[in-house]
Each structure stands twice: as structure tokens, then as C-alpha cells.
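A short worksheet on the structure shown next.
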Amino acid sequence: MTKRRYTVKRGIIINAVLMVLILVFAIISMNSGKMNLSPLEVLNVLIGNGTDKQNLIVFDFRLPRIVLSILVGLGMGAAGVVMQSLLRNDMASPGTLGISSGSGLFVLFFVVFIASTGKSSFIALPLLAFVGGLLAAGLIFLLSYRRGRDISPIGLILTGVALGSGYGALTTFLTLKLDDSQMNFMLYWLAGSLWGDDWGYISILTPWVLILLAYIFYKARILNALHLGNQTAQGLGVSVKRQFLGLSIAAVALSSGSVAVGGSFFFVGLIAPHMARKLVGPDHKLLIPAASLAGGLVVVLADTITRTVSLVGDVPTGIVITVISVPYFLYLLAKAK
């Protein structure tokens with residue numbers, strides 16, 4: 001039941017606390033912004049007694065943004081846990097593996113070749129980001145594969161860094177075709193702007209995230225075995241290659257879909273699993289929900305800060321996440337043995 005100081009009871013309590021904190025900051029966020037609403041006014045809106053202006057503020061501006069921030073955080077936190085466990089490397093994430101660059105390149109394809117023609121749709125962008133992330137991941141694994149040998153986690157990361165540089169060069173080339181509005185969109189997407197705060201995008205992203213989260217949580221026992229090493233997992237009866245492939249695709253789909261309508265939040269996929277592991281330990285039955293909730297909490301908190309604190313201009317949420325997360329990440333590096 002226990003491992004070191006971690007217990008199932010402790011993990012359940014921490015996950016419950018994280019859920020409550022997300023709800024608290026969501027309520028604070030709903031009452032914050034340039035057009036202030038009191039808690040009573042928000043309550044009146046939610047029970048159907050709000051004015052037209054109050055309904056517009058809550059249902060068209062604030063609530064979809066809050067829901068989007070939670071979904072993006074949930075997806076990135078879970079994707080980060082899966083990648084770190086599969087590769088047995090705490091530095092692994094969609095960003096460090098170059099998957100972010102692949103998704104970003106296909107988002108740019110969408111902006112240049114599809115959105116500009118007026119044929120954009122709510123489903124096209126998440127699918128293109130997923131295809132870009134999947135192709136990037138497939139190419140990384142293909143180049144890192146050696147017949148008869150296990151895939152090296154360090155080799156995967158180095159290959160991802162190298163391919164990410166290539167994707168970056170191609171992205172820079174394509175930006176020459178952008179007009180001012182397209183360029184502004186890409187800059188804000190790269191900075192993590194939570195741009196897709198529209199119920200149409202959210203209706204696509206919600207089942208995408210929840211179904212993949214359910215699949216990953218269902219595979220928690222498999223992830224526990226894989227985290228011990230391929231040989232140990234095989235000894236426990238795990239089909240390593242099949243499970244590795246399925247979980248990798250799920251992580252890529254989760255991260256790519258999340259950032260497609262949220263922006264580049266890949267740093268959340270790196271930091272949220274570390275936070276969760278410190279709180280609940282290595283058991284994936286507790287770690288997966290904790291990392292997901294930690295990711296959601298970080299994004300909601302950062303977005304609330306961007307809309308509450310008077311900052312110069314419209315600062316993207318991703319920049320605030322980096323500012324509040326980097327000190328903690330540096331602390332983890334300093335404490336690492």
C-alpha cells in the first residue's frame with residue numbers, strides 16, 4: 001500500500017484538493033477581468049437570472065476561456081506523464097521530443113493554405129496538429145530505431161532536438177508567406193494565447209481530451225510496468241511494442257489536439273508531471289490524474305493572472321506560465337541528484 005511516504009489515501013486527498021483548487025480559481029477567474037462582475041452577479045447568470053450584458057460576459061467570453069484552459073492543462077499534463085514514463089526520462093515531453101515543432105508546422109500549414117481560402121472548420125486545425133505531431137513522432141522513432149536493440153531515450157531526445165531545428169527552419173520559411181494578421185496569430189499561438197475560446201472548438205476538444213485521458217488512465221498498470229524497463233515489463237506479461245505504440249499515439253494526439261486550439265503550452269507537459277510526482281509518488285493510478293489536474297491548475301491560474309493583473313498589452317497565458325514555472329523547474333534541477 002505504501003512506498004516511502006506515499007499512500008493511496010494521500011494521493012486521493014491530493015487529487016481532491018487539486019480539483020477544489022481548479023474550481024476555486026475558475027470561480028475567481030469568472031469574477032475577474034476588465035469588466036468586473038460580483039460573485040452574486042455570476043451566480044445569477046449561472047441560474048438564468050442574469051442580464052443580457054452579464055450573460056454575454058460569462059457565457060461568450062469568460063466561461064469558454066476557463067473551460068479551454070482546463071482542457072489544455074489536463075491534456076498536456078497527461079501527455080507529459082506518458083512520455084516521461086515510456087522513455088524513463090524526466091526531461092521528456094512533447095516539447096523536448098520535437099513533437100511541438102511538428103504540430104506547430106502543421107498549424108502554420110493551416111493558417112497559410114486552408115484558413116486563407118475561407119475553408120477553415122472547427123475540426124481541421126486539431127486534426128492537422130495531430131497529423132503533424134504524429135508524423136514528427138514517427139520520424140523520431142524511425143531514425144532512433146536500431147534492429148535488435150531497445151530505443152535509447154537519450155537518442156530519442158537528441159533526434160527530436162535535431163528534427164525540431166529542421167521544422168523550425170521550414171516554419172521560418174513559410175512565415176514569409178504570411179500577412180500581418182496571420183503573422184500575429186502565429187506569434188500569439190507560439191506564445192500560448194488560448195486563442196480557441198469558442199464553444200465550437202471546445203465541443204471538438206472536450207471529447208478528444210476526455211476519451212484519451214480515459215484510455216491513458218485505463219493503461220495505468222501498463223505504464224507502471226513499462227516504467228520499470230522493457231525486460232521487466234515483458235516478464236510481467238506486457239506486450240511492450242504494442243503498448244508502447246498505443247500509448248505514444250495517445251500522448252501525441254492528446255498534446256497535439258490540446259495545443260492546436262490553445263497555443264504552444266508544451267512547457268506544461270514538462271513541469272506538471274514533476275509537480276504531481278512530488279505530491280503523489282510514482283504510481284500512475286494516482287500520478288496520471290494528479291499531473292492532469294496540476295496542468296489544469298497551472299493554466300487556469302496563469303490565465304487568471306493575465307486577466308487580473310494590469311500588464312503591458314495583451315500578454316499571452318503561455319508567457320505567464322513560463323514565468324511562474326521556471327523558478328520551480330530550476331529548483332527541481334538544483335535538488336536533482
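Scheme for the C-alpha cells: letters A, B, ... for chains in order shown; per-chain residue numbers from 1; ligand numbers from 1 in order shown.
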
_What's around Leu293 (chain A) at 9 Å? Count only C-alpha atoms, leave out sequence neighbours fewer than 3 positions away in its own chain, and write the answer as a ChimeraX atom specification._
/A:15,18-19,22,70,73-74,77-78,272,276,288-290,296-298

Please identify every residue of region 264-325 of chain A that has at least one atom no farther than 6 Å from an atom of region 173-193 of chain A, counting only C-alpha atoms, and for each give the shortest atom pair and the distance in Å to one decimal, arranged by chain then increasing number, as JSON lines.
{"residue": "A:Ser264", "atom": "CA", "partner": "A:Gly192", "partner_atom": "CA", "distance": 4.7}
{"residue": "A:Phe265", "atom": "CA", "partner": "A:Gly192", "partner_atom": "CA", "distance": 5.7}
{"residue": "A:Pro316", "atom": "CA", "partner": "A:Ser193", "partner_atom": "CA", "distance": 4.4}
{"residue": "A:Thr317", "atom": "CA", "partner": "A:Ser193", "partner_atom": "CA", "distance": 5.5}
{"residue": "A:Gly318", "atom": "CA", "partner": "A:Gly192", "partner_atom": "CA", "distance": 4.1}

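Remark: for Leu212 (chain A), the closest of the candidate residues A:Val112, A:Leu170, A:Leu163, A:Ala79 is A:Ala79 (distances computed over only C-alpha atoms).
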
Q) Residues of region 156-336 of chain A in helix (DSSP H, G or I) according to DSSP, as an MDAnalysis selection string? A) chainID A and resid 156:175 180:191 199:218 220:226 230:235 240:262 266:280 284:308 317:335

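Closest approach to Gly237 (chain A) among A:Leu279, A:Ile202, A:Met35, A:Ala225 is made by A:Ala225 (distances from only C-alpha atoms).
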
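Shortest atom-to-atom contact with Met91 (chain A) among A:Gly164, A:Pro273, A:Gly295, A:Gly281: A:Pro273, counting only C-alpha atoms.
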
Taking 2 positions as the minimum chain separation for residues in the same chain, which residues sit within 8 Å of Ala92 (chain A) when counting only C-alpha atoms? Answer as a PyMOL selection string. chain A and resi 80+83-84+87+89-90+94-97+157+270

Those same residues - N, CA, C and O atoms - I'd like them written as a JSON list (two decimals), in the first residue's frame.
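Below you can see again22.json, which holds the result:
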[["chain", "number", "residue", "atom", "x", "y", "z"],
["A", 80, "GLY", "N", 2.50, 14.56, -20.89],
["A", 80, "GLY", "CA", 3.85, 14.62, -20.33],
["A", 80, "GLY", "C", 4.17, 13.40, -19.47],
["A", 80, "GLY", "O", 5.28, 12.85, -19.53],
["A", 83, "MET", "N", 4.88, 10.30, -21.74],
["A", 83, "MET", "CA", 6.17, 10.34, -22.43],
["A", 83, "MET", "C", 7.34, 10.14, -21.46],
["A", 83, "MET", "O", 8.30, 9.44, -21.77],
["A", 84, "GLN", "N", 7.25, 10.74, -20.29],
["A", 84, "GLN", "CA", 8.32, 10.57, -19.31],
["A", 84, "GLN", "C", 8.39, 9.12, -18.82],
["A", 84, "GLN", "O", 9.48, 8.60, -18.58],
["A", 87, "LEU", "N", 9.70, 6.71, -21.80],
["A", 87, "LEU", "CA", 11.13, 6.90, -22.09],
["A", 87, "LEU", "C", 11.99, 6.83, -20.84],
["A", 87, "LEU", "O", 13.23, 6.89, -20.95],
["A", 89, "ASN", "N", 12.58, 9.03, -18.66],
["A", 89, "ASN", "CA", 13.42, 10.23, -18.67],
["A", 89, "ASN", "C", 12.57, 11.40, -18.23],
["A", 89, "ASN", "O", 11.57, 11.73, -18.88],
["A", 90, "ASP", "N", 12.94, 12.04, -17.11],
["A", 90, "ASP", "CA", 12.15, 13.13, -16.56],
["A", 90, "ASP", "C", 12.20, 14.40, -17.41],
["A", 90, "ASP", "O", 11.44, 15.34, -17.17],
["A", 94, "PRO", "N", 6.37, 16.56, -24.87],
["A", 94, "PRO", "CA", 6.11, 16.85, -26.28],
["A", 94, "PRO", "C", 7.03, 17.92, -26.85],
["A", 94, "PRO", "O", 7.33, 17.91, -28.05],
["A", 95, "GLY", "N", 7.50, 18.84, -26.01],
["A", 95, "GLY", "CA", 8.38, 19.90, -26.49],
["A", 95, "GLY", "C", 9.79, 19.42, -26.73],
["A", 95, "GLY", "O", 10.38, 19.66, -27.79],
["A", 96, "THR", "N", 10.36, 18.69, -25.76],
["A", 96, "THR", "CA", 11.75, 18.26, -25.90],
["A", 96, "THR", "C", 11.92, 17.19, -26.97],
["A", 96, "THR", "O", 13.02, 17.01, -27.50],
["A", 97, "LEU", "N", 10.85, 16.46, -27.31],
["A", 97, "LEU", "CA", 10.94, 15.44, -28.36],
["A", 97, "LEU", "C", 10.71, 16.00, -29.76],
["A", 97, "LEU", "O", 10.75, 15.24, -30.73],
["A", 157, "ILE", "N", 15.58, 11.91, -27.60],
["A", 157, "ILE", "CA", 15.56, 13.34, -27.31],
["A", 157, "ILE", "C", 16.50, 14.10, -28.24],
["A", 157, "ILE", "O", 16.16, 15.16, -28.78],
["A", 270, "LEU", "N", 5.94, 19.38, -19.45],
["A", 270, "LEU", "CA", 7.21, 19.07, -18.80],
["A", 270, "LEU", "C", 7.13, 19.26, -17.29],
["A", 270, "LEU", "O", 7.62, 18.43, -16.52]]

Taken to one decimal, the CA of Ser100 (chain A)-CA of Gly155 (chain A) distance is 17.5 Å

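Note that CA of Leu247 (chain A) and CA of Ser292 (chain A) are 15.7 Å apart.
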
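As for CA of Ala334 (chain A) and CA of Asp283 (chain A), they are spaced 24.1 Å apart.
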
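Between Ile211 (chain A) and the candidates A:Thr7, A:Tyr145, A:Ile319, A:Ala251, the tightest atom-to-atom separation, counting only C-alpha atoms, involves A:Ala251.
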
*Write out as a list in words the residues lying within 8 Å of Thr171 (chain A), counting only C-alpha atoms and excluding same-chain residues fewer than 4 positions away.*
Leu105, Leu108, Tyr167 and Thr175 of chain A

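The shortest atom-to-atom distance to Val299 (chain A), with only C-alpha atoms taken into account, belongs to A:Gly75 out of A:Gly138, A:Gly102, A:Gly75, A:Pro207.
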